[in-house]
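Chemist: Here you go, this is upload14.txt (compact mmCIF, C-alpha atoms).
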# COMPACT_ATOMS: atom_id res chain seq x y z
CA MET A 15 -11.80 -31.50 -31.96
CA SER A 16 -12.13 -35.23 -32.61
CA GLY A 17 -13.50 -37.62 -30.02
CA SER A 18 -10.08 -39.27 -29.65
CA SER A 19 -8.33 -35.95 -29.13
CA GLU A 20 -11.00 -34.87 -26.62
CA PHE A 21 -10.55 -38.13 -24.72
CA ASP A 22 -6.75 -37.87 -24.60
CA THR A 23 -6.86 -34.25 -23.48
CA GLN A 24 -9.36 -34.85 -20.67
CA LEU A 25 -7.65 -38.04 -19.53
CA ARG A 26 -4.31 -36.25 -19.37
CA ARG A 27 -5.83 -33.40 -17.40
CA VAL A 28 -7.59 -35.51 -14.79
CA LYS A 29 -4.62 -37.82 -14.28
CA TYR A 30 -2.47 -34.76 -13.81
CA LEU A 31 -4.84 -33.33 -11.22
CA PHE A 32 -5.18 -36.62 -9.36
CA GLU A 33 -1.44 -37.23 -9.26
CA SER A 34 -1.00 -33.68 -7.97
CA LEU A 35 -3.45 -34.45 -5.17
CA GLY A 36 -2.14 -37.85 -4.27
CA GLY A 37 1.35 -38.64 -5.37
CA ASN A 38 2.97 -35.24 -5.70
CA MET A 39 1.93 -33.37 -2.54
CA THR A 40 5.47 -32.26 -1.80
CA SER A 41 6.67 -29.05 -0.31
CA SER A 42 8.69 -26.64 -2.38
CA ALA A 43 11.44 -26.88 0.23
CA SER A 44 11.56 -30.68 0.25
CA THR A 45 11.86 -30.98 -3.51
CA THR A 46 15.01 -28.88 -3.53
CA LYS A 47 16.78 -30.81 -0.74
CA SER A 48 18.18 -34.30 -0.76
CA ILE A 49 16.66 -34.98 2.68
CA LYS A 50 12.88 -35.10 2.46
CA HIS A 51 10.48 -34.16 5.19
CA PRO A 52 9.04 -37.24 6.98
CA PHE A 53 5.52 -36.22 5.95
CA THR A 54 6.60 -36.07 2.32
CA ARG A 55 8.00 -39.60 2.54
CA GLN A 56 4.75 -40.82 4.10
CA VAL A 57 2.73 -39.30 1.26
CA GLU A 58 4.94 -40.89 -1.39
CA GLU A 59 4.46 -44.29 0.21
CA VAL A 60 0.67 -44.14 -0.23
CA LYS A 61 -0.42 -46.17 -3.24
CA THR A 62 -3.86 -45.36 -4.61
CA PRO A 63 -5.70 -48.27 -6.29
CA LYS A 64 -6.01 -47.84 -10.04
CA SER A 65 -9.72 -48.58 -9.79
CA ASP A 66 -10.17 -45.53 -7.57
CA ILE A 67 -8.27 -43.34 -10.00
CA ASN A 68 -10.34 -44.62 -12.93
CA ALA A 69 -13.60 -43.97 -11.06
CA LEU A 70 -12.47 -40.45 -10.25
CA ILE A 71 -11.58 -39.77 -13.88
CA LEU A 72 -14.91 -41.07 -15.16
CA ASP A 73 -16.74 -39.00 -12.56
CA TYR A 74 -15.01 -35.82 -13.70
CA LEU A 75 -15.64 -36.45 -17.40
CA THR A 76 -19.31 -37.15 -16.67
CA VAL A 77 -20.05 -34.21 -14.40
CA ALA A 78 -18.05 -31.71 -16.47
CA GLY A 79 -19.95 -32.75 -19.59
CA TYR A 80 -17.57 -34.59 -21.94
CA PRO A 81 -19.75 -37.35 -23.42
CA ASN A 82 -17.32 -38.81 -25.96
CA ALA A 83 -14.44 -38.96 -23.50
CA ALA A 84 -16.67 -40.42 -20.77
CA ALA A 85 -18.05 -43.13 -23.08
CA LYS A 86 -14.64 -44.12 -24.39
CA PHE A 87 -12.99 -44.12 -20.98
CA SER A 88 -15.77 -46.16 -19.35
CA THR A 89 -15.30 -48.80 -22.05
CA GLU A 90 -11.51 -48.89 -21.78
CA ALA A 91 -11.56 -48.93 -17.96
CA ASN A 92 -14.37 -51.51 -17.88
CA LEU A 93 -16.62 -49.23 -15.82
CA SER A 94 -20.36 -48.73 -16.08
CA PRO A 95 -21.34 -45.27 -17.37
CA GLN A 96 -22.49 -42.95 -14.58
CA GLN A 97 -25.06 -41.23 -16.83
CA PRO A 98 -26.52 -41.99 -20.27
CA THR A 99 -24.41 -40.51 -23.06
CA THR A 100 -27.44 -38.64 -24.40
CA SER A 101 -27.85 -36.85 -21.07
CA ILE A 102 -24.23 -35.71 -21.02
CA GLN A 103 -24.47 -34.65 -24.67
CA ALA A 104 -27.50 -32.49 -23.93
CA ARG A 105 -25.66 -30.68 -21.14
CA GLN A 106 -22.59 -30.29 -23.32
CA GLN A 107 -24.61 -28.77 -26.17
CA ILE A 108 -26.09 -26.15 -23.84
CA GLN A 109 -22.64 -25.33 -22.47
CA THR A 110 -21.32 -25.06 -26.01
CA PHE A 111 -24.01 -22.55 -26.98
CA ILE A 112 -23.18 -20.43 -23.94
CA HIS A 113 -19.44 -20.49 -24.58
CA ARG A 114 -20.07 -19.38 -28.16
CA GLY A 115 -22.32 -16.53 -27.05
CA GLU A 116 -25.43 -18.13 -28.59
CA ILE A 117 -27.57 -17.53 -25.53
CA GLU A 118 -30.97 -17.71 -27.22
CA ASN A 119 -30.09 -21.16 -28.55
CA ALA A 120 -28.90 -22.17 -25.08
CA ILE A 121 -32.18 -21.06 -23.51
CA HIS A 122 -34.23 -22.99 -26.08
CA ALA A 123 -32.12 -26.12 -25.54
CA LEU A 124 -32.38 -25.76 -21.78
CA ASN A 125 -36.16 -25.41 -21.95
CA ASP A 126 -36.34 -28.53 -24.11
CA LEU A 127 -34.24 -30.49 -21.62
CA CYS A 128 -35.79 -29.13 -18.39
CA PRO A 129 -39.04 -27.32 -19.32
CA ALA A 130 -39.74 -25.72 -15.92
CA ILE A 131 -36.22 -24.92 -14.80
CA LEU A 132 -36.14 -21.23 -15.78
CA ASP A 133 -39.62 -20.57 -14.41
CA GLU A 134 -38.60 -21.97 -11.05
CA ASP A 135 -35.02 -20.65 -10.90
CA GLU A 136 -35.29 -16.90 -11.41
CA PRO A 137 -31.62 -16.07 -10.64
CA LEU A 138 -30.51 -18.56 -13.29
CA HIS A 139 -32.97 -17.12 -15.82
CA PHE A 140 -31.80 -13.60 -15.07
CA ALA A 141 -28.14 -14.62 -15.44
CA LEU A 142 -28.84 -16.06 -18.89
CA LEU A 143 -30.85 -13.04 -20.01
CA ARG A 144 -28.19 -10.67 -18.73
CA LEU A 145 -25.54 -12.59 -20.65
CA GLN A 146 -27.73 -12.39 -23.75
CA LEU A 147 -27.87 -8.60 -23.27
CA VAL A 148 -24.07 -8.50 -23.02
CA GLU A 149 -23.84 -10.38 -26.32
CA LEU A 150 -26.27 -7.96 -27.98
CA ILE A 151 -24.23 -5.01 -26.75
CA ARG A 152 -21.04 -6.68 -27.95
CA GLU A 153 -22.56 -7.04 -31.42
CA SER A 154 -23.59 -3.37 -31.51
CA GLN A 155 -20.09 -2.03 -30.86
CA PRO A 156 -18.40 -0.02 -32.10
CA GLY A 157 -20.86 2.38 -33.69
CA GLY A 158 -23.55 -0.19 -34.42
CA ASP A 159 -27.28 -0.20 -33.82
CA ILE A 160 -27.98 -0.32 -30.08
CA GLY A 161 -31.73 -0.57 -30.65
CA PRO A 162 -31.97 -4.36 -30.25
CA ALA A 163 -29.98 -4.22 -26.99
CA LEU A 164 -32.15 -1.44 -25.58
CA GLU A 165 -35.37 -3.18 -26.53
CA PHE A 166 -34.18 -6.47 -25.05
CA ALA A 167 -33.18 -4.77 -21.80
CA GLN A 168 -36.55 -3.03 -21.51
CA THR A 169 -38.74 -6.01 -22.34
CA GLN A 170 -36.80 -8.96 -20.88
CA LEU A 171 -34.73 -7.61 -18.00
CA GLY A 172 -36.52 -4.41 -17.04
CA PRO A 173 -39.53 -6.14 -15.43
CA LYS A 174 -37.28 -8.54 -13.47
CA ALA A 175 -34.59 -6.14 -12.27
CA PRO A 176 -36.59 -4.34 -9.52
CA ARG A 177 -37.36 -7.64 -7.79
CA THR A 178 -33.96 -7.82 -6.08
CA PRO A 179 -31.18 -5.27 -5.49
CA GLN A 180 -28.65 -7.62 -7.11
CA PHE A 181 -30.69 -7.88 -10.33
CA LEU A 182 -30.94 -4.11 -10.50
CA GLU A 183 -27.24 -3.60 -9.87
CA ASP A 184 -26.30 -6.18 -12.50
CA LEU A 185 -28.58 -4.60 -15.09
CA GLU A 186 -27.30 -1.08 -14.41
CA LYS A 187 -23.71 -2.25 -14.72
CA THR A 188 -24.46 -4.06 -17.97
CA MET A 189 -26.23 -1.04 -19.47
CA SER A 190 -23.09 1.01 -18.76
CA LEU A 191 -21.45 -0.89 -21.60
CA LEU A 192 -23.61 1.16 -23.98
CA VAL A 193 -22.15 4.41 -22.66
CA PHE A 194 -18.42 3.84 -22.39
CA ASP A 195 -15.76 3.04 -24.98
CA HIS A 196 -15.09 -0.70 -24.84
CA ASN A 197 -11.37 -0.07 -25.35
CA ASN A 198 -11.13 1.96 -22.15
CA LEU A 199 -13.41 0.31 -19.61
CA ASP A 200 -13.12 0.04 -15.86
CA PRO A 201 -12.05 -3.54 -14.94
CA SER A 202 -15.44 -4.25 -13.35
CA LEU A 203 -17.08 -3.51 -16.71
CA SER A 204 -14.46 -5.04 -19.00
CA ASP A 205 -14.88 -8.34 -17.13
CA LEU A 206 -18.42 -8.55 -18.54
CA LEU A 207 -16.98 -8.82 -22.04
CA LYS A 208 -14.42 -11.47 -21.17
CA PRO A 209 -14.96 -15.26 -21.52
CA GLY A 210 -15.12 -15.58 -17.74
CA LEU A 211 -18.75 -14.45 -17.62
CA ARG A 212 -19.74 -17.09 -20.17
CA ARG A 213 -17.91 -19.73 -18.14
CA GLU A 214 -19.59 -18.57 -14.93
CA VAL A 215 -23.08 -18.76 -16.43
CA SER A 216 -22.32 -22.07 -18.14
CA ASP A 217 -21.22 -23.54 -14.81
CA LYS A 218 -24.41 -22.33 -13.11
CA VAL A 219 -26.54 -23.89 -15.84
CA ASN A 220 -24.66 -27.19 -15.72
CA LYS A 221 -25.09 -27.42 -11.94
CA ALA A 222 -28.77 -26.52 -12.17
CA ILE A 223 -29.35 -29.30 -14.70
CA LEU A 224 -27.50 -31.81 -12.53
CA ASP A 225 -29.67 -30.76 -9.59
CA ARG A 226 -32.79 -31.41 -11.66
CA GLN A 227 -31.46 -34.82 -12.63
CA GLN A 228 -30.69 -35.54 -8.96
CA GLN A 229 -27.00 -35.80 -9.71
CA ARG A 230 -24.06 -34.28 -7.85
CA ARG A 231 -23.33 -30.69 -8.88
CA ASP A 232 -19.54 -30.97 -8.62
CA ALA A 233 -17.00 -33.58 -9.65
CA ALA A 234 -15.58 -35.66 -6.80
CA ILE A 235 -12.12 -34.27 -7.43
CA ARG A 236 -13.35 -30.81 -6.37
CA HIS A 237 -14.47 -32.23 -3.04
CA LEU A 238 -11.10 -33.96 -2.64
CA VAL A 239 -9.30 -30.66 -3.14
CA GLN A 240 -11.57 -28.96 -0.59
CA MET A 241 -11.14 -31.82 1.89
CA ARG A 242 -7.37 -31.74 1.49
CA ALA A 243 -7.26 -27.96 2.11
CA TRP A 244 -9.51 -28.31 5.17
CA SER A 245 -7.44 -31.18 6.56
CA GLU A 246 -4.17 -29.29 6.23
CA ASP A 247 -5.67 -26.18 7.83
CA THR A 248 -7.08 -28.21 10.74
CA VAL A 249 -3.82 -30.05 11.40
CA ARG A 250 -1.80 -26.83 11.32
CA LYS A 251 -4.16 -25.14 13.78
CA GLU A 252 -4.04 -28.09 16.18
CA GLY A 253 -0.26 -28.32 15.90
CA LYS A 254 -0.26 -32.04 16.69
CA LYS A 255 1.64 -33.16 13.59
CA ASP A 256 4.82 -31.87 12.02
CA LEU A 257 4.11 -30.69 8.48
CA PRO A 258 6.32 -29.08 5.85
CA SER A 259 6.09 -25.30 5.84
CA ARG A 260 4.37 -25.51 2.46
CA ILE A 261 2.47 -28.34 0.80
CA ASP A 262 1.76 -27.62 -2.86
CA LEU A 263 -0.93 -29.26 -4.94
CA GLY A 264 1.41 -28.92 -7.88
CA LEU A 265 -1.10 -27.02 -10.01
CA ASP A 266 0.48 -23.58 -10.26
CA ASN A 267 4.17 -23.54 -9.61
CA ASP A 268 5.77 -25.69 -12.29
CA ASP A 269 4.70 -24.85 -15.82
CA SER A 270 7.24 -27.21 -17.32
CA ASP A 271 5.44 -30.23 -15.88
CA LYS A 272 1.95 -29.24 -16.98
CA PRO A 273 0.20 -30.89 -19.89
CA SER A 274 -0.20 -28.51 -22.80
CA GLY A 275 -3.34 -26.38 -22.74
CA ILE A 276 -3.65 -26.29 -18.95
CA GLU A 277 -3.11 -23.08 -17.03
CA ASN A 278 -3.49 -22.81 -13.26
CA GLY A 279 -5.29 -26.13 -13.17
CA HIS A 280 -7.88 -25.11 -15.77
CA GLU A 281 -8.34 -25.95 -19.40
CA PRO A 282 -10.32 -24.18 -22.15
CA MET A 283 -13.80 -25.62 -22.64
CA ILE A 284 -14.06 -28.12 -25.49
CA THR A 285 -16.96 -27.08 -27.67
CA THR A 286 -17.06 -29.64 -30.45
Written as structure tokens, that's how I'd like the structure from this file.

Modeler:
Amino acid sequence: MSGSSEFDTQLRRVKYLFESLGGNMTSSASTTKSIKHPFTRQVEEVKTPKSDINALILDYLTVAGYPNAAAKFSTEANLSPQQPTTSIQARQQIQTFIHRGEIENAIHALNDLCPAILDEDEPLHFALLRLQLVELIRESQPGGDIGPALEFAQTQLGPKAPRTPQFLEDLEKTMSLLVFDHNNLDPSLSDLLKPGLRREVSDKVNKAILDRQQQRRDAAIRHLVQMRAWSEDTVRKEGKKDLPSRIDLGLDNDDSDKPSGIENGHEPMITT
């Protein structure tokens, strides 16, 4: 994907999310009636400064690891970059390796970027090694040589697994993939072979790197969503303000209004 296409896609996504948070917090009932709820009218009257929106967009692109989009947007919006482009690119490259299943390359790149991180963060190291075992098992099926997977499990994960019950449970579950037909797996096992595990590990690695760099682990928009959910819950419990029966974020219930490539508020990882 070209830098321009990456930029347009990410910009469209973040603007969509922000507008859903700020300008489109309407109830499903109010949107179908000519008379709007007073709260809905109050929300629509709030005008967010463009500078705040631009800062939020740049923050998301930076934290999520989209260097080209972040660099281009910071220039067009006349904002100072939040992190050096090279730093974002390094995080993106590691995420790309993980999303492609190239875990050994990801570990090497991570060690180059943060030499002590895996020695000091054993759960993160175990998660990467376990994912590498999953990839080795994937390559051995169906009917392939399971020797490399067995050797890797014994030498890399075996010594670590007994240290915590969770490590041991995760290893035992992963080794079950060698026993059962991959076309007829229990959901708890089939999930290990789905892209979700790669995304989960990639997210953990990205946050760990940001911690090392003394940066925030999550984009500001995530905190806004959490704050908005907490505020609504608090107001409803106190019962001091009349709210619509339902206040949607606008992320799940109207596919026709979503930018292409976005499902349930999420977009496939860009890996080029």

Chemist: Quick one, how far is atom CA of A:Ala130 from atom CA of A:Pro98?

Modeler: 21.4 Å

Chemist: Would you compute, for all listed atoms of stretch 98-110 of chain A, the axis-aligned bounding box grown by 3 Å on each side, and then report its centre and edge lengths in Å rounded to one decimal, as JSON?

Modeler:
{"center_x": -24.6, "center_y": -33.5, "center_z": -23.2, "size_x": 12.5, "size_y": 22.9, "size_z": 11.9}

Chemist: Closest to A:Gln146 among A:Leu171, A:Leu93, A:Cys128, A:Ala84, using all atoms listed in the file?

Modeler: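 Result for the nearest residue to A:Gln146: A:Leu171.
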
Chemist: Please report the interatomic distance between atom CA of A:Ile160 and atom CA of A:Glu116 in Å with one decimal.

Modeler: 18.1 Å

Chemist: Restricting the calculation to all atoms listed in the file, which member of A:His113, A:Asp126, A:Lys86, A:Asp133 is positioned closest to A:Glu149?

Modeler: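 Among the listed residues, A:His113 lies closest to A:Glu149.
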
Chemist: What lies within 10 Å of A:Lys64 using all atoms listed in the file, ignoring chain neighbours under 5 positions off, as a list of chain:residue names?

Modeler: A:Ala69, A:Leu70, A:Ala91

Chemist: Could you state the separation of atom CA of A:Ser202 and atom CA of A:Phe166 in Å, given to one decimal place?

Modeler: 22.2 Å

Chemist: Excluding same-chain residues fewer than 4 positions from A:Gly210, what lies within 12 Å of it counting only C-alpha atoms, as an MDAnalysis selection string?

Modeler: chainID A and resid 112:113 115 145 204:206 214:217 282:283

Chemist: Near A:Asp225, within 12 Å and counting all atoms listed in the file, which residues show up once chain neighbours fewer than 5 positions away are dropped, as a ChimeraX atom specification?

Modeler: /A:77,128,131,135,218-220,230-232

Chemist: Using all atoms listed in the file, pick whichever of A:Leu185, A:Ile117, A:His139, A:Phe111 has the shortest atom-to-atom distance to A:Gln168.

Modeler: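 Counting all atoms listed in the file, the residue closest to A:Gln168 is A:Leu185.
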
Chemist: If I only have part of stretch 200-211 of chain A, can you fill in all heavy atoms and write it as a short mmCIF file (atom, residue, chain, number, x, y, z; two decimals), in the frame of the given file?

Modeler:
data_model
loop_
_atom_site.label_atom_id
_atom_site.label_comp_id
_atom_site.auth_asym_id
_atom_site.auth_seq_id
_atom_site.Cartn_x
_atom_site.Cartn_y
_atom_site.Cartn_z
N ASP A 200 -13.51 0.41 -17.21
CA ASP A 200 -13.12 0.04 -15.86
C ASP A 200 -13.09 -1.50 -15.79
O ASP A 200 -13.90 -2.17 -16.43
CB ASP A 200 -14.15 0.59 -14.88
CG ASP A 200 -13.81 0.25 -13.44
OD1 ASP A 200 -13.01 0.98 -12.85
OD2 ASP A 200 -14.36 -0.76 -12.92
N PRO A 201 -12.15 -2.07 -15.01
CA PRO A 201 -12.05 -3.54 -14.94
C PRO A 201 -13.36 -4.23 -14.59
O PRO A 201 -13.65 -5.32 -15.10
CB PRO A 201 -10.99 -3.75 -13.84
CG PRO A 201 -10.13 -2.54 -13.91
CD PRO A 201 -11.06 -1.40 -14.27
N SER A 202 -14.17 -3.61 -13.73
CA SER A 202 -15.44 -4.25 -13.35
C SER A 202 -16.39 -4.35 -14.53
O SER A 202 -17.26 -5.24 -14.56
CB SER A 202 -16.10 -3.47 -12.22
OG SER A 202 -16.46 -2.16 -12.65
N LEU A 203 -16.25 -3.45 -15.51
CA LEU A 203 -17.08 -3.51 -16.71
C LEU A 203 -16.44 -4.36 -17.79
O LEU A 203 -17.13 -5.12 -18.48
CB LEU A 203 -17.33 -2.09 -17.25
CG LEU A 203 -18.16 -1.16 -16.36
CD1 LEU A 203 -18.31 0.21 -17.02
CD2 LEU A 203 -19.53 -1.75 -16.08
N SER A 204 -15.13 -4.25 -17.95
CA SER A 204 -14.46 -5.04 -19.00
C SER A 204 -14.59 -6.53 -18.73
O SER A 204 -14.59 -7.33 -19.67
CB SER A 204 -12.98 -4.64 -19.09
OG SER A 204 -12.29 -4.92 -17.89
N ASP A 205 -14.72 -6.91 -17.45
CA ASP A 205 -14.88 -8.34 -17.13
C ASP A 205 -16.15 -8.92 -17.74
O ASP A 205 -16.22 -10.12 -18.01
CB ASP A 205 -14.91 -8.54 -15.62
CG ASP A 205 -13.54 -8.39 -14.98
OD1 ASP A 205 -12.54 -8.39 -15.71
OD2 ASP A 205 -13.47 -8.25 -13.74
N LEU A 206 -17.17 -8.06 -17.96
CA LEU A 206 -18.42 -8.55 -18.54
C LEU A 206 -18.23 -9.02 -19.98
O LEU A 206 -19.02 -9.83 -20.48
CB LEU A 206 -19.48 -7.45 -18.50
CG LEU A 206 -19.89 -6.93 -17.12
CD1 LEU A 206 -20.92 -5.83 -17.26
CD2 LEU A 206 -20.43 -8.06 -16.25
N LEU A 207 -17.21 -8.49 -20.64
CA LEU A 207 -16.98 -8.82 -22.04
C LEU A 207 -15.95 -9.94 -22.21
O LEU A 207 -15.68 -10.36 -23.34
CB LEU A 207 -16.51 -7.57 -22.80
CG LEU A 207 -17.51 -6.42 -22.85
CD1 LEU A 207 -16.86 -5.18 -23.43
CD2 LEU A 207 -18.74 -6.80 -23.66
N LYS A 208 -15.42 -10.42 -21.11
CA LYS A 208 -14.42 -11.47 -21.17
C LYS A 208 -15.08 -12.85 -21.09
O LYS A 208 -16.21 -12.99 -20.62
CB LYS A 208 -13.41 -11.31 -20.03
CG LYS A 208 -12.56 -10.05 -20.16
CD LYS A 208 -11.60 -9.91 -18.98
CE LYS A 208 -10.75 -8.65 -19.11
NZ LYS A 208 -9.85 -8.47 -17.94
N PRO A 209 -14.38 -13.90 -21.54
CA PRO A 209 -14.96 -15.26 -21.52
C PRO A 209 -15.36 -15.73 -20.14
O PRO A 209 -16.16 -16.66 -20.01
CB PRO A 209 -13.83 -16.12 -22.11
CG PRO A 209 -13.01 -15.19 -22.92
CD PRO A 209 -13.06 -13.87 -22.20
N GLY A 210 -14.81 -15.13 -19.10
CA GLY A 210 -15.12 -15.58 -17.74
C GLY A 210 -16.59 -15.54 -17.40
O GLY A 210 -17.09 -16.40 -16.67
N LEU A 211 -17.31 -14.53 -17.92
CA LEU A 211 -18.75 -14.45 -17.62
C LEU A 211 -19.50 -15.60 -18.29
O LEU A 211 -20.41 -16.18 -17.69
CB LEU A 211 -19.31 -13.11 -18.10
CG LEU A 211 -20.79 -12.88 -17.79
CD1 LEU A 211 -21.06 -12.91 -16.29
CD2 LEU A 211 -21.27 -11.54 -18.38
#
